[in-house]
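Scroll down for the structure; my scribbles are underneath it.
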Amino acid sequence: MISLILQQSPAWHLGSVMEGFKTIIEPFKIKTVEPIKMTTAEQRKVFLERAHYNTFLLQSDQVAIDLLTDSGTSAMSSDQWAAMMRGDESYAGASSWSKMEDEIKSLTGYAHILPTHQGRAAERILYGYLGGKGRTFISNTHFDTTRANIEFTGAEAIDIPVPEATHILENHAFKGNLDTVKLKKLISEKGAESIGAVILTVTNNSGGGQPVSMANAKEVSEICRSNNVLFILDACRIAENSYFIRLREKGYENKSYRDIASEMFSLADGAIMSLKKDGLVNMGGFLALRDDQLSAACTELLIVTEGYATYGGLSGRDMEAIAVGLKEVFDPDYLHYRIRSTAYLGERLRNMGVPLIWPIGGHAVYVDARSFYSHIPVEQYPGQALVCELYLMGGIRSVEIGSVMFGKYDESHQLIPAPMELVRLAIPRRVYTQSHIEFVLEVFEKLLYGREKVKGFEITFEPRFLRHFMARFRRVG
Ligand code: F0G
């Protein structure tokens with residue numbers, strides 16, 4: 001049960017069973033359950049030490065509430081499971097592929113759909129082809145795998161979110177927007193021919209799950225078109241983004257969420273989507289393109305590394321679940337519950353005095369660890385400290401999105417910190433109920449006391465790319 005502020009919400013509930021009530025019930029019943037193993041504080045201490053204070057290195061059965069990611073962690077519906085039984089596992093031309101392809105074509109309007117096993121596989125194919133030394137990619141904020149796939153080719157990835165994006169507490173309807181003044185400047189400085197692509201990430205995951213407005217997408221589209229620069233949408237969470245557009249942008253009050261998403265796709269030259277988010281599945285992704293030649297080149301790479309063009313890295317049953325999931329995600333009852341339940345956690349934390357990115361984004365709550373642990377310098381990773389405390393106190397797994405994830409070194413190996421030190425509490429779709437969330441709130445209440453005694457961390461081992469996944473830590477002092 002989620003208590004809600006209905007005046008903030010679109011009039012979806014009029015005429016529904018919930019009209020006149022302020023409580024929203026989860027719009028599903030639970031048919032299958034997965035037990036959660038309860039651990040003791042002693043056990044968690046040992047588990048975390050063994051994981052070198054990196055929660056990615058924990059076993060899932062050592063975790064009570066897993067808010068590490070909303071990716072691939074969705075609960076599927078009975079319709080999705082039923083569809084999976086119809087999975088056609090033929091190597092070529094499977095009927096399951098036709099269902100997935102038709103659904104994506106009708107949603108996006110793009111001519112060419114390339115299936116991949118997840119989002120980063122599509123990134124590797126497209127940005128591997130477009131990248132290379134001397135090429136520049138520009139985004140509101142590149143997600144970590146996007147940046148890694150671009151930089152791996154020798155190209156550079158530049159983030160230009162609007163300035164409001166870093167004003168953590170400021171209320172702004174579309175903090176996910178890309179700074180179009182900077183975009184024009186960058187294109188003219190670098191030369192349009194050196195730009196690999198402009199990538200608009202909706203919602204902006206690394207920037208707090210904040211939405212991008214249609215007006216911003218239109219402006220980016222016009223700038224790209226007039227400069228002959230490729231415009232790609234990173235559409236992982238486009239249904240959640242559509243919810244915010246309908247709620248906050250003038251002229252969209254009466255449009256369906258799916259139509260809003262289709263309009264946004266229509267502005268770009270192509271899209272990459274990790275279906276592990278708004279596809280409501282545990283595995284899957286796609287690359288979609290308008291251009292015949294670009295698509296032909298990418299299809300070659302797809303076949304060499306992912307799989308044949310009618311399955312990518314997916315089995316037939318995966319493709320069946322995707323075709324259904326992409327319909328379900330635009331259901332107004334689902335989307336309303338989804339966004340409001342994330343906001344419920346954020347609003348309650350804020351009332352308690354936990355500093356966080358405001359307003360609350362679509363898929364996660366982002367705690368500002370730099371001010372939560374203001375005594376821990378950024379070189380000692382305050383975000384990592386909060387991630388560890390959440391686990392030790394309540395078995396809650398979260399992820400640092402700060403200088404562990406995005407920090408770099410200068411020539412003298414001094415840390416160049418990330419712009420923000422955040423801890424993300426990502427909410428898996430249709431998985432946890434309100435009592436799980438109440439528990440998380442109680443854990444935070446306890447963490448608020450004795451904050452000044454918590455110590456930071458230093459890194460004892462790190463790989464070259466995506467260091468947060470495998471890094472090892474030691475407590476300072
Ligand atoms: N783009 C965005 C905006 C993402 O959030 C992700 C994944 C990807 C691309 C890559 O997709 O995982 O299917 O390869 N985000 C996950 C997360 C991992 O936890 O936010 P993938």
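Residue numbering restarts at 1 for every chain of the structure tokens, chains are lettered A, B, ... in their displayed order, and ligands are numbered from 1 as they appear.
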Ligand 1: which residues are within 10 Å, counting only C-alpha atoms and all ligand atoms? Reply as a ChimeraX atom specification. /A:67-73,116-124,141-147,200-207,209,233-238,272-277,282-286,363-364,398-399,401,424,426
Can you pull out every residue within 6 Å of region 377-385 of chain A, counting only C-alpha atoms, but drop anything in the same chain fewer than 6 positions away, and send it as a JSON list (two decimals) with N, CA, C and O atoms, in the first residue's frame?
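Saved as selection-v5.json:
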```
[["chain", "number", "residue", "atom", "x", "y", "z"],
["A", 369, "ALA", "N", 25.43, 11.57, -0.53],
["A", 369, "ALA", "CA", 26.30, 11.05, 0.53],
["A", 369, "ALA", "C", 27.31, 12.08, 0.99],
["A", 369, "ALA", "O", 27.79, 12.03, 2.12],
["A", 370, "ARG", "N", 27.63, 13.04, 0.11],
["A", 370, "ARG", "CA", 28.61, 14.05, 0.50],
["A", 370, "ARG", "C", 28.07, 14.87, 1.68],
["A", 370, "ARG", "O", 28.79, 15.20, 2.59],
["A", 400, "GLU", "N", 27.00, 2.93, -5.11],
["A", 400, "GLU", "CA", 27.61, 4.26, -5.12],
["A", 400, "GLU", "C", 27.61, 4.78, -6.55],
["A", 400, "GLU", "O", 27.98, 4.06, -7.48],
["A", 421, "GLU", "N", 28.48, 12.93, -5.14],
["A", 421, "GLU", "CA", 28.74, 11.67, -4.42],
["A", 421, "GLU", "C", 27.38, 11.11, -4.02],
["A", 421, "GLU", "O", 26.83, 11.47, -2.97],
["A", 422, "LEU", "N", 26.82, 10.27, -4.87],
["A", 422, "LEU", "CA", 25.46, 9.80, -4.64],
["A", 422, "LEU", "C", 25.43, 8.32, -4.27],
["A", 422, "LEU", "O", 26.34, 7.57, -4.61],
["A", 423, "VAL", "N", 24.37, 7.94, -3.56],
["A", 423, "VAL", "CA", 24.08, 6.52, -3.35],
["A", 423, "VAL", "C", 22.71, 6.27, -3.91],
["A", 423, "VAL", "O", 21.75, 6.97, -3.57],
["A", 456, "GLY", "N", 35.65, 6.66, 6.21],
["A", 456, "GLY", "CA", 35.67, 6.48, 4.76],
["A", 456, "GLY", "C", 36.50, 5.28, 4.32],
["A", 456, "GLY", "O", 36.90, 4.45, 5.16],
["A", 457, "PHE", "N", 36.75, 5.20, 3.03],
["A", 457, "PHE", "CA", 37.45, 4.04, 2.45],
["A", 457, "PHE", "C", 38.58, 4.47, 1.52],
["A", 457, "PHE", "O", 38.57, 5.57, 0.98],
["A", 458, "GLU", "N", 39.53, 3.55, 1.34],
["A", 458, "GLU", "CA", 40.49, 3.73, 0.26],
["A", 458, "GLU", "C", 40.42, 2.49, -0.64],
["A", 458, "GLU", "O", 40.01, 1.42, -0.20]]
```
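Residue neighbourhood of Ala471 (chain A), excluding near-sequence residues (fewer than 2 positions): Phe461, Glu462, Arg467 and His468 of chain A, at 6 Å, using only C-alpha atoms.
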Include N, CA, C and O atoms and write out the residues we just selected as a JSON list (two decimals), in the first residue's frame.
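Okay, this is what ended up in again10.json:
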```json
[["chain", "number", "residue", "atom", "x", "y", "z"],
["A", 461, "PHE", "N", 42.42, -2.16, -4.81],
["A", 461, "PHE", "CA", 42.57, -2.79, -6.12],
["A", 461, "PHE", "C", 41.51, -2.21, -7.05],
["A", 461, "PHE", "O", 40.39, -1.99, -6.62],
["A", 462, "GLU", "N", 41.89, -1.93, -8.31],
["A", 462, "GLU", "CA", 40.89, -1.47, -9.27],
["A", 462, "GLU", "C", 41.28, -1.84, -10.70],
["A", 462, "GLU", "O", 42.44, -1.75, -11.07],
["A", 467, "ARG", "N", 35.56, 0.45, -12.87],
["A", 467, "ARG", "CA", 36.25, -0.07, -11.69],
["A", 467, "ARG", "C", 35.32, -0.43, -10.53],
["A", 467, "ARG", "O", 35.64, -1.27, -9.70],
["A", 468, "HIS", "N", 34.16, 0.24, -10.48],
["A", 468, "HIS", "CA", 33.26, 0.00, -9.33],
["A", 468, "HIS", "C", 32.81, -1.45, -9.23],
["A", 468, "HIS", "O", 32.51, -1.93, -8.15]]
```
Take CA of Gln80 (chain A) and CA of Tyr243 (chain A) and report the distance between them in Å, one decimal.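 The value is 22.6 Å.
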How would you write, as a list of chain:residue names, the set of residues in region 337-419 of chain A that DSSP gives as strand (DSSP E or B)?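 Selecting the strand (DSSP E or B) positions of region 337-419 of chain A gives A:Leu356, A:Ala364, A:Val365, A:Tyr366, A:Val367, A:Asp368, A:Ile396, A:Arg397, A:Val399, A:Glu400, A:Ile401, A:Lys408, A:Tyr409, A:Leu415, A:Ile416.
Interatomic distance, CA of Gly307 (chain A) to CA of Ile138 (chain A): 29.1 Å.
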Each residue of region 356-458 of chain A with at least one atom at most 12 Å from region 16-25 of chain A should appear once, together with its nearest atom pair and the corresponding distance in Å (one decimal); atoms considered: only C-alpha atoms; ordering: chain, then increasing residue number; output as a Markdown table.
```
| residue | atom | partner | partner_atom | distance |
| --- | --- | --- | --- | --- |
| A:Arg430 | CA | A:Ile25 | CA | 11.9 |
| A:Thr433 | CA | A:Ile25 | CA | 9.6 |
| A:Gln434 | CA | A:Ile25 | CA | 9.4 |
```
For the selection just defined, write its residues with N, CA and C atoms to a file, as a PDB file, in the first residue's frame.
```
ATOM      1  N   ARG A 430       7.867  -4.089  -9.650  1.00  0.00           N
ATOM      2  CA  ARG A 430       6.834  -5.043  -9.204  1.00  0.00           C
ATOM      3  C   ARG A 430       7.373  -6.098  -8.230  1.00  0.00           C
ATOM      4  N   THR A 433       7.097  -4.722  -1.654  1.00  0.00           N
ATOM      5  CA  THR A 433       5.840  -4.131  -1.201  1.00  0.00           C
ATOM      6  C   THR A 433       6.152  -2.994  -0.226  1.00  0.00           C
ATOM      7  N   GLN A 434       5.100  -2.357   0.261  1.00  0.00           N
ATOM      8  CA  GLN A 434       5.345  -1.198   1.112  1.00  0.00           C
ATOM      9  C   GLN A 434       6.097  -1.558   2.392  1.00  0.00           C
TER      10      GLN A 434
END
```
With only C-alpha atoms as the counted atoms, please give the residues lying no more than 12 Å from Glu193 (chain A), apart from itself and same-chain residues fewer than 5 positions off, as a list in words.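 The residues satisfying every condition are Leu130, Gly134, Arg135, Thr136, Phe137, Leu186, Ile187, Ser188, Cys224, Asn227, Asn228, Val229 and Leu230 of chain A.
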Spatial neighbours of Asp318 (chain A), 8 Å, only C-alpha atoms, chain gap at least 2 places, as a PDB file with C-alpha atoms, in the first residue's frame:
```pdb
ATOM      1  CA  MET A  84       7.263 -17.761 -22.734  1.00  0.00           C
ATOM      2  CA  GLY A  87       8.798 -19.377 -27.354  1.00  0.00           C
ATOM      3  CA  VAL A 281      12.135  -8.559 -18.487  1.00  0.00           C
ATOM      4  CA  MET A 283      17.307 -10.060 -20.106  1.00  0.00           C
ATOM      5  CA  GLY A 284      17.193  -8.307 -23.460  1.00  0.00           C
ATOM      6  CA  LEU A 314      18.158 -13.901 -27.003  1.00  0.00           C
ATOM      7  CA  SER A 315      16.193 -17.124 -26.826  1.00  0.00           C
ATOM      8  CA  GLY A 316      12.698 -17.284 -28.312  1.00  0.00           C
ATOM      9  CA  GLU A 320       8.031 -13.469 -26.209  1.00  0.00           C
ATOM     10  CA  ALA A 321       8.347 -11.928 -22.736  1.00  0.00           C
ATOM     11  CA  ILE A 322       9.708  -8.710 -24.251  1.00  0.00           C
TER      12      ILE A 322
END
```
Restrict the calculation to only C-alpha atoms, then for each residue of region 371-457 of chain A with any atom at most 12 Å from an atom of region 329-345 of chain A give the closest atom pair and their distance in Å to one decimal, rows by chain and rising residue number, as a Markdown table.
```
| residue | atom | partner | partner_atom | distance |
| --- | --- | --- | --- | --- |
| A:Arg424 | CA | A:Thr342 | CA | 11.8 |
| A:Leu425 | CA | A:Thr342 | CA | 9.4 |
| A:Ala426 | CA | A:Thr342 | CA | 8.6 |
| A:Ile427 | CA | A:Thr342 | CA | 7.0 |
| A:Pro428 | CA | A:Arg338 | CA | 9.7 |
| A:Arg429 | CA | A:Arg338 | CA | 7.3 |
| A:Arg430 | CA | A:Arg338 | CA | 7.9 |
| A:Val431 | CA | A:Arg338 | CA | 10.7 |
| A:Tyr432 | CA | A:Ser341 | CA | 10.0 |
| A:Thr433 | CA | A:Ser341 | CA | 9.2 |
| A:Gln434 | CA | A:Ser341 | CA | 8.2 |
| A:Ser435 | CA | A:Leu345 | CA | 11.2 |
| A:His436 | CA | A:Leu345 | CA | 10.4 |
| A:Ile437 | CA | A:Leu345 | CA | 6.7 |
| A:Glu438 | CA | A:Leu345 | CA | 8.1 |
| A:Phe439 | CA | A:Leu345 | CA | 10.5 |
| A:Val440 | CA | A:Leu345 | CA | 8.5 |
| A:Leu441 | CA | A:Leu345 | CA | 7.4 |
| A:Glu442 | CA | A:Leu345 | CA | 11.1 |
| A:Phe444 | CA | A:Leu345 | CA | 10.9 |
```
DSSP-assigned helix (DSSP H, G or I) among region 169-308 of chain A, expressed as JSON, numbers by chain: {"A": [180, 181, 182, 183, 184, 185, 186, 187, 188, 189, 190, 192, 193, 194, 214, 215, 216, 217, 218, 219, 220, 221, 222, 223, 224, 225, 226, 227, 238, 239, 240, 241, 242, 243, 244, 245, 246, 247, 248, 257, 258, 259, 260, 261, 262, 263, 264, 265, 266, 267, 292, 293, 294, 295, 296, 297, 298, 299, 300, 301, 302, 303, 304, 305]}
Applying 10 Å and only C-alpha atoms, which residues near Tyr110 (chain A) remain after dropping the ones on its own chain fewer than 3 positions away? List them as a PDB file with all heavy atoms, in the first residue's frame.
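What landed in result_4.pdb:
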```pdb
ATOM      1  N   ILE A 104       8.351  -3.510 -31.292  1.00  0.00           N
ATOM      2  CA  ILE A 104       9.333  -2.415 -31.233  1.00  0.00           C
ATOM      3  C   ILE A 104       9.164  -1.484 -32.436  1.00  0.00           C
ATOM      4  O   ILE A 104       9.252  -0.263 -32.301  1.00  0.00           O
ATOM      5  CB  ILE A 104      10.774  -2.970 -31.145  1.00  0.00           C
ATOM      6  CG1 ILE A 104      10.931  -3.804 -29.868  1.00  0.00           C
ATOM      7  CG2 ILE A 104      11.805  -1.840 -31.158  1.00  0.00           C
ATOM      8  CD1 ILE A 104      12.236  -4.570 -29.759  1.00  0.00           C
ATOM      9  N   LYS A 105       8.884  -2.058 -33.601  1.00  0.00           N
ATOM     10  CA  LYS A 105       8.671  -1.202 -34.782  1.00  0.00           C
ATOM     11  C   LYS A 105       7.468  -0.302 -34.573  1.00  0.00           C
ATOM     12  O   LYS A 105       7.498   0.890 -34.883  1.00  0.00           O
ATOM     13  CB  LYS A 105       8.454  -2.066 -36.029  1.00  0.00           C
ATOM     14  CG  LYS A 105       9.752  -2.436 -36.715  1.00  0.00           C
ATOM     15  CD  LYS A 105       9.497  -3.022 -38.092  1.00  0.00           C
ATOM     16  CE  LYS A 105      10.837  -3.266 -38.772  1.00  0.00           C
ATOM     17  NZ  LYS A 105      10.723  -4.106 -39.952  1.00  0.00           N
ATOM     18  N   SER A 106       6.397  -0.857 -34.040  1.00  0.00           N
ATOM     19  CA  SER A 106       5.198  -0.028 -33.902  1.00  0.00           C
ATOM     20  C   SER A 106       5.387   1.037 -32.814  1.00  0.00           C
ATOM     21  O   SER A 106       4.854   2.134 -32.918  1.00  0.00           O
ATOM     22  CB  SER A 106       3.955  -0.891 -33.690  1.00  0.00           C
ATOM     23  OG  SER A 106       3.519  -0.849 -32.372  1.00  0.00           O
ATOM     24  N   LEU A 107       6.188   0.731 -31.802  1.00  0.00           N
ATOM     25  CA  LEU A 107       6.460   1.722 -30.745  1.00  0.00           C
ATOM     26  C   LEU A 107       7.415   2.805 -31.229  1.00  0.00           C
ATOM     27  O   LEU A 107       7.193   3.998 -30.985  1.00  0.00           O
ATOM     28  CB  LEU A 107       7.059   1.002 -29.518  1.00  0.00           C
ATOM     29  CG  LEU A 107       7.556   1.868 -28.364  1.00  0.00           C
ATOM     30  CD1 LEU A 107       6.391   2.607 -27.697  1.00  0.00           C
ATOM     31  CD2 LEU A 107       8.287   1.016 -27.313  1.00  0.00           C
ATOM     32  N   ILE A 113      15.404  -3.156 -36.675  1.00  0.00           N
ATOM     33  CA  ILE A 113      15.506  -3.514 -35.259  1.00  0.00           C
ATOM     34  C   ILE A 113      16.527  -4.647 -35.129  1.00  0.00           C
ATOM     35  O   ILE A 113      16.382  -5.692 -35.768  1.00  0.00           O
ATOM     36  CB  ILE A 113      14.134  -3.995 -34.682  1.00  0.00           C
ATOM     37  CG1 ILE A 113      12.982  -3.057 -35.107  1.00  0.00           C
ATOM     38  CG2 ILE A 113      14.214  -4.154 -33.164  1.00  0.00           C
ATOM     39  CD1 ILE A 113      13.066  -1.639 -34.624  1.00  0.00           C
ATOM     40  N   PHE A 265      10.619   8.916 -29.795  1.00  0.00           N
ATOM     41  CA  PHE A 265      11.403   8.104 -30.740  1.00  0.00           C
ATOM     42  C   PHE A 265      11.429   8.772 -32.118  1.00  0.00           C
ATOM     43  O   PHE A 265      12.439   8.725 -32.819  1.00  0.00           O
ATOM     44  CB  PHE A 265      10.805   6.692 -30.867  1.00  0.00           C
ATOM     45  CG  PHE A 265      11.165   5.757 -29.734  1.00  0.00           C
ATOM     46  CD1 PHE A 265      10.183   5.225 -28.895  1.00  0.00           C
ATOM     47  CD2 PHE A 265      12.487   5.379 -29.521  1.00  0.00           C
ATOM     48  CE1 PHE A 265      10.506   4.352 -27.862  1.00  0.00           C
ATOM     49  CE2 PHE A 265      12.821   4.494 -28.491  1.00  0.00           C
ATOM     50  CZ  PHE A 265      11.823   3.983 -27.658  1.00  0.00           C
ATOM     51  N   SER A 266      10.305   9.401 -32.485  1.00  0.00           N
ATOM     52  CA  SER A 266      10.213   9.968 -33.837  1.00  0.00           C
ATOM     53  C   SER A 266      11.214  11.111 -34.042  1.00  0.00           C
ATOM     54  O   SER A 266      11.532  11.466 -35.166  1.00  0.00           O
ATOM     55  CB  SER A 266       8.787  10.465 -34.110  1.00  0.00           C
ATOM     56  OG  SER A 266       8.577  11.717 -33.469  1.00  0.00           O
ATOM     57  N   ALA A 268      14.382  11.110 -33.052  1.00  0.00           N
ATOM     58  CA  ALA A 268      15.779  10.657 -33.136  1.00  0.00           C
ATOM     59  C   ALA A 268      16.022   9.823 -34.393  1.00  0.00           C
ATOM     60  O   ALA A 268      15.086   9.449 -35.106  1.00  0.00           O
ATOM     61  CB  ALA A 268      16.128   9.865 -31.884  1.00  0.00           C
ATOM     62  N   ASP A 269      17.304   9.547 -34.656  1.00  0.00           N
ATOM     63  CA  ASP A 269      17.680   8.715 -35.810  1.00  0.00           C
ATOM     64  C   ASP A 269      17.747   7.237 -35.429  1.00  0.00           C
ATOM     65  O   ASP A 269      17.903   6.382 -36.292  1.00  0.00           O
ATOM     66  CB  ASP A 269      19.069   9.136 -36.326  1.00  0.00           C
ATOM     67  CG  ASP A 269      19.080  10.583 -36.756  1.00  0.00           C
ATOM     68  OD1 ASP A 269      18.205  10.968 -37.552  1.00  0.00           O
ATOM     69  OD2 ASP A 269      19.949  11.350 -36.271  1.00  0.00           O
ATOM     70  N   GLY A 270      17.704   6.985 -34.132  1.00  0.00           N
ATOM     71  CA  GLY A 270      17.780   5.611 -33.693  1.00  0.00           C
ATOM     72  C   GLY A 270      17.758   5.551 -32.178  1.00  0.00           C
ATOM     73  O   GLY A 270      17.744   6.595 -31.514  1.00  0.00           O
ATOM     74  N   ALA A 271      17.750   4.333 -31.650  1.00  0.00           N
ATOM     75  CA  ALA A 271      17.698   4.185 -30.197  1.00  0.00           C
ATOM     76  C   ALA A 271      18.390   2.914 -29.775  1.00  0.00           C
ATOM     77  O   ALA A 271      18.475   1.942 -30.535  1.00  0.00           O
ATOM     78  CB  ALA A 271      16.247   4.165 -29.713  1.00  0.00           C
ATOM     79  N   LEU A 287      18.931  -2.493 -30.621  1.00  0.00           N
ATOM     80  CA  LEU A 287      19.427  -1.307 -31.303  1.00  0.00           C
ATOM     81  C   LEU A 287      18.444  -1.091 -32.446  1.00  0.00           C
ATOM     82  O   LEU A 287      18.132  -2.030 -33.175  1.00  0.00           O
ATOM     83  CB  LEU A 287      20.844  -1.590 -31.835  1.00  0.00           C
ATOM     84  CG  LEU A 287      21.410  -0.638 -32.882  1.00  0.00           C
ATOM     85  CD1 LEU A 287      21.524   0.780 -32.342  1.00  0.00           C
ATOM     86  CD2 LEU A 287      22.794  -1.121 -33.333  1.00  0.00           C
ATOM     87  N   ALA A 288      17.926   0.119 -32.566  1.00  0.00           N
ATOM     88  CA  ALA A 288      16.956   0.408 -33.628  1.00  0.00           C
ATOM     89  C   ALA A 288      17.463   1.598 -34.429  1.00  0.00           C
ATOM     90  O   ALA A 288      17.928   2.581 -33.853  1.00  0.00           O
ATOM     91  CB  ALA A 288      15.597   0.715 -33.009  1.00  0.00           C
ATOM     92  N   LEU A 289      17.385   1.497 -35.753  1.00  0.00           N
ATOM     93  CA  LEU A 289      17.956   2.541 -36.611  1.00  0.00           C
ATOM     94  C   LEU A 289      17.050   2.820 -37.811  1.00  0.00           C
ATOM     95  O   LEU A 289      16.338   1.933 -38.289  1.00  0.00           O
ATOM     96  CB  LEU A 289      19.331   2.081 -37.128  1.00  0.00           C
ATOM     97  CG  LEU A 289      20.436   1.928 -36.069  1.00  0.00           C
ATOM     98  CD1 LEU A 289      21.598   1.113 -36.630  1.00  0.00           C
ATOM     99  CD2 LEU A 289      20.923   3.292 -35.580  1.00  0.00           C
ATOM    100  N   ARG A 290      17.140   4.063 -38.283  1.00  0.00           N
ATOM    101  CA  ARG A 290      16.418   4.416 -39.517  1.00  0.00           C
ATOM    102  C   ARG A 290      17.270   4.123 -40.750  1.00  0.00           C
ATOM    103  O   ARG A 290      16.772   3.677 -41.764  1.00  0.00           O
ATOM    104  CB  ARG A 290      16.164   5.923 -39.554  1.00  0.00           C
ATOM    105  CG  ARG A 290      15.063   6.385 -38.698  1.00  0.00           C
ATOM    106  CD  ARG A 290      14.772   7.862 -38.984  1.00  0.00           C
ATOM    107  NE  ARG A 290      14.158   8.459 -37.812  1.00  0.00           N
ATOM    108  CZ  ARG A 290      12.929   8.198 -37.409  1.00  0.00           C
ATOM    109  NH1 ARG A 290      12.150   7.371 -38.096  1.00  0.00           N
ATOM    110  NH2 ARG A 290      12.451   8.747 -36.317  1.00  0.00           N
ATOM    111  N   ASP A 291      18.566   4.410 -40.644  1.00  0.00           N
ATOM    112  CA  ASP A 291      19.433   4.424 -41.811  1.00  0.00           C
ATOM    113  C   ASP A 291      19.788   3.011 -42.293  1.00  0.00           C
ATOM    114  O   ASP A 291      20.251   2.176 -41.520  1.00  0.00           O
ATOM    115  CB  ASP A 291      20.725   5.192 -41.453  1.00  0.00           C
ATOM    116  CG  ASP A 291      21.604   5.381 -42.655  1.00  0.00           C
ATOM    117  OD1 ASP A 291      21.323   6.313 -43.430  1.00  0.00           O
ATOM    118  OD2 ASP A 291      22.560   4.589 -42.830  1.00  0.00           O
TER     119      ASP A 291
END
```
Would you compute the distance between CA of Ala111 (chain A) and CA of Leu280 (chain A)? Give it in Å to one decimal. 23.2 Å
